[in-house]
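A quick write-up on the structure given underneath.
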Amino acid sequence: MAEKMTEIVKGTKERLSNITGNVFHVVAENNSLIRIRIDKTGKVLYDKTLAKLNSETLETVRFKLAESQIGSHIAEAKEKGQRSWRKAVTGNPEKKIRDYMKEVPQVKFIDKVSFFFGVTCIIFTQFLALRHPEYFTQYYFGLITLLLSYRYIDYSASKYQLFMLDFCYFMNLSVILQTGLYPHWLGWYKANYVLCMGCLMSAIIMWKNSLVFHSLDKLTSVFLHAFPCLHLHLYRWGLIPCDSIKLDDALTMPDVFVLPLLLYSVWQAAYLLTTEVLLFQKMEEDPQLITSMRYLATDKKNGMHILVTKVARSIGVFAKDEVFNSRTLKTKIIFVVAQVFFTLVTILPTPFLYSSYSFSFCYICVIFGLCIWRGGSYYIEVFSERYKLKFVKIEREIEKQDSVSSENGNSDEDQELFNQIVDAINEANENESSSESFAEDRVIDCTRSP
């Protein structure tokens, strides 16, 4: 290591001795022009501050830099990089990315793909359900796996991935495992049927799911709640053959309350173990990680939030002005209890759904109809204005980036030249600090004011 340092010092002295007597002018951070000279021994010495430069003078410096050899190399590299990016994005090295975004916004293409995908899924779902229900199981498995894989990637980017610990995801997994591996396990099937036709279908109303075809997130939410229910409906009425499920079968009280609540308890225990033990420290350190409880505690427009708040205040659990805090034990207990009550209430009609095809059919149609109605309302009342604002935001961001780039572009070029002088001075400092001190001269960093 010592030998290497010695070589560096020696090499620095040789390089500096070659420019003995030369003078450098450097612009410091405070826009002052300073002069640095090299003495006969190769020392880099601060000479004096010449002037405080104004903006016009700096523009002159930049202009001269652009005409220099270094400036021309920088300009060529910058232009080459710009042309490469333009060609990669627009396909034409002469077309500006800003103009391309205005002409063909990429978000439009993504929305078109999503719209096409959503409509195709609805058509294909109807075709399989009516003509070839025996293939619906494979279709449901493949589609939900694809959508949830994409959702995990999408939600992880926004720190929403813990939403996927919710009950609806658990029930999709339960339905997939039961129908895929144990289709003749009648008890498990009935538990899935009660919870899906009760909780998941009611959640479509509670969470205000809407059939918005251009939004893959909204489509996923609808499919997440509706497809396991439709899948189990096809099993129940023999459209997907299963010898264990009889058309004249009925749900008993244990079928409605024992096994379903046991399955629900498994999820609730796993959820609390994950959020309150395994991930507790991580969630405390990162309040941006969102769970359904954190979301509901802050979303004052959500139906569940409004209902639970009114009930908690009416029975004296909450003070008049008290609000939810997802970190407190009280809030956590309230939401756990509220969700249990929601589950108990929503599973009450399931015996009638299980025993009547007509009732089950109408029930599914009404809830699907609400999804379609909300989707139509969204397109007419919300989407038309919000979609315009999306592109206004894109254009503003591009203009902002261009403004910043134009302001910083010249300074980046200047910095390239300044860095070379900084490196030479720093090497000189290292050289002198390892051999002798500067008693009579003052050596400075050219990036700082003297």
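Going by the structure tokens order, chains are called A, B, ..., each with residues numbered from 1, while ligands are numbered from 1 in the order shown.
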Exercise for review: Any chance you could list, as an MDAnalysis selection string, the residues in region 100-323 of chain A that come up alpha helix (DSSP H) when DSSP is run on the backbone?
Suggested key: chainID A and resid 100:103 106:131 136:157 167:181 186:195 201:206 216:236 253:273 280:285 292:298 303:314
Check your understanding: Quick one: residues within 12 Å of region 283-296 of chain A, only C-alpha atoms counted, chain neighbours fewer than 2 positions away excluded, as a PyMOL selection string?
Key -> chain A and resi 155-168+206-207+271-272+274-281+298-309+323-329+331-336+338-339
Check your understanding: For Tyr264 (chain A), which of A:Leu181, A:Val194, A:Ile367, A:Ala129 is the closest residue, counting only C-alpha atoms?
Key -> A:Val194
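Remark: for Gln178 (chain A), the closest of the candidate residues A:Thr137, A:Thr220, A:Ser114, A:Gln82 is A:Thr137 (distances computed over only C-alpha atoms).
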**Study point:** Distance query region 208-213 of chain A at most 10 Å, only C-alpha atoms, self and fewer than 4 positions along chain excluded, as a ChimeraX atom specification
**Key:** /A:111-122,202-204,217-223,225,302-303,367-379,383
Could those selected residues go to a file with C-alpha atoms, as an mmCIF file, in the first residue's frame?
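What landed in part.cif:
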```cif
data_model
loop_
_atom_site.group_PDB
_atom_site.id
_atom_site.type_symbol
_atom_site.label_atom_id
_atom_site.label_comp_id
_atom_site.auth_asym_id
_atom_site.auth_seq_id
_atom_site.Cartn_x
_atom_site.Cartn_y
_atom_site.Cartn_z
ATOM 1 C CA ASP A 111 -55.884 0.948 -21.415
ATOM 2 C CA LYS A 112 -56.873 -0.468 -24.796
ATOM 3 C CA VAL A 113 -55.130 -3.740 -24.007
ATOM 4 C CA SER A 114 -56.854 -3.891 -20.625
ATOM 5 C CA PHE A 115 -60.234 -3.113 -22.185
ATOM 6 C CA PHE A 116 -59.749 -5.813 -24.813
ATOM 7 C CA PHE A 117 -58.659 -8.287 -22.132
ATOM 8 C CA GLY A 118 -61.636 -7.503 -19.884
ATOM 9 C CA VAL A 119 -64.273 -7.812 -22.597
ATOM 10 C CA THR A 120 -62.671 -10.985 -23.930
ATOM 11 C CA CYS A 121 -62.671 -12.521 -20.450
ATOM 12 C CA ILE A 122 -66.381 -11.765 -19.979
ATOM 13 C CA SER A 202 -71.542 -9.102 -0.224
ATOM 14 C CA ALA A 203 -68.029 -7.660 -0.379
ATOM 15 C CA ILE A 204 -68.717 -6.679 -4.003
ATOM 16 C CA ASP A 217 -57.093 -3.343 -11.117
ATOM 17 C CA LYS A 218 -60.874 -2.957 -11.059
ATOM 18 C CA LEU A 219 -61.333 -6.010 -13.275
ATOM 19 C CA THR A 220 -59.170 -8.054 -10.926
ATOM 20 C CA SER A 221 -61.249 -6.963 -7.933
ATOM 21 C CA VAL A 222 -64.474 -8.025 -9.633
ATOM 22 C CA PHE A 223 -63.071 -11.372 -10.773
ATOM 23 C CA HIS A 225 -64.891 -11.772 -5.625
ATOM 24 C CA ASN A 302 -65.980 3.465 3.060
ATOM 25 C CA GLY A 303 -69.287 1.899 4.076
ATOM 26 C CA ILE A 367 -74.915 -8.361 -7.792
ATOM 27 C CA PHE A 368 -73.276 -8.618 -11.210
ATOM 28 C CA GLY A 369 -75.781 -6.048 -12.420
ATOM 29 C CA LEU A 370 -74.618 -3.676 -9.678
ATOM 30 C CA CYS A 371 -71.050 -4.101 -10.901
ATOM 31 C CA ILE A 372 -72.129 -3.199 -14.436
ATOM 32 C CA TRP A 373 -74.190 -0.222 -13.214
ATOM 33 C CA ARG A 374 -71.287 1.138 -11.207
ATOM 34 C CA GLY A 375 -68.975 0.612 -14.177
ATOM 35 C CA GLY A 376 -71.324 2.601 -16.415
ATOM 36 C CA SER A 377 -71.619 5.354 -13.811
ATOM 37 C CA TYR A 378 -67.858 5.473 -13.532
ATOM 38 C CA TYR A 379 -67.360 5.901 -17.277
ATOM 39 C CA PHE A 383 -63.816 8.567 -16.148
#
```
**Study point:** Two-atom distance - CA of Pro260 (chain A), CA of Ala191 (chain A) (Å)
**Key:** 4.4 Å
Point to revise | Nearby residues (only C-alpha atoms) at most 12 Å from Ile347 (chain A), same-chain spacing under 4 positions excluded, as JSON, numbers by chain | key: {"A": [190, 191, 192, 193, 194, 195, 196, 197, 198, 199, 200, 201, 202, 203, 251, 253, 255, 256, 257, 258, 260, 261, 264, 340, 341, 342, 343, 351, 352, 353, 354]}
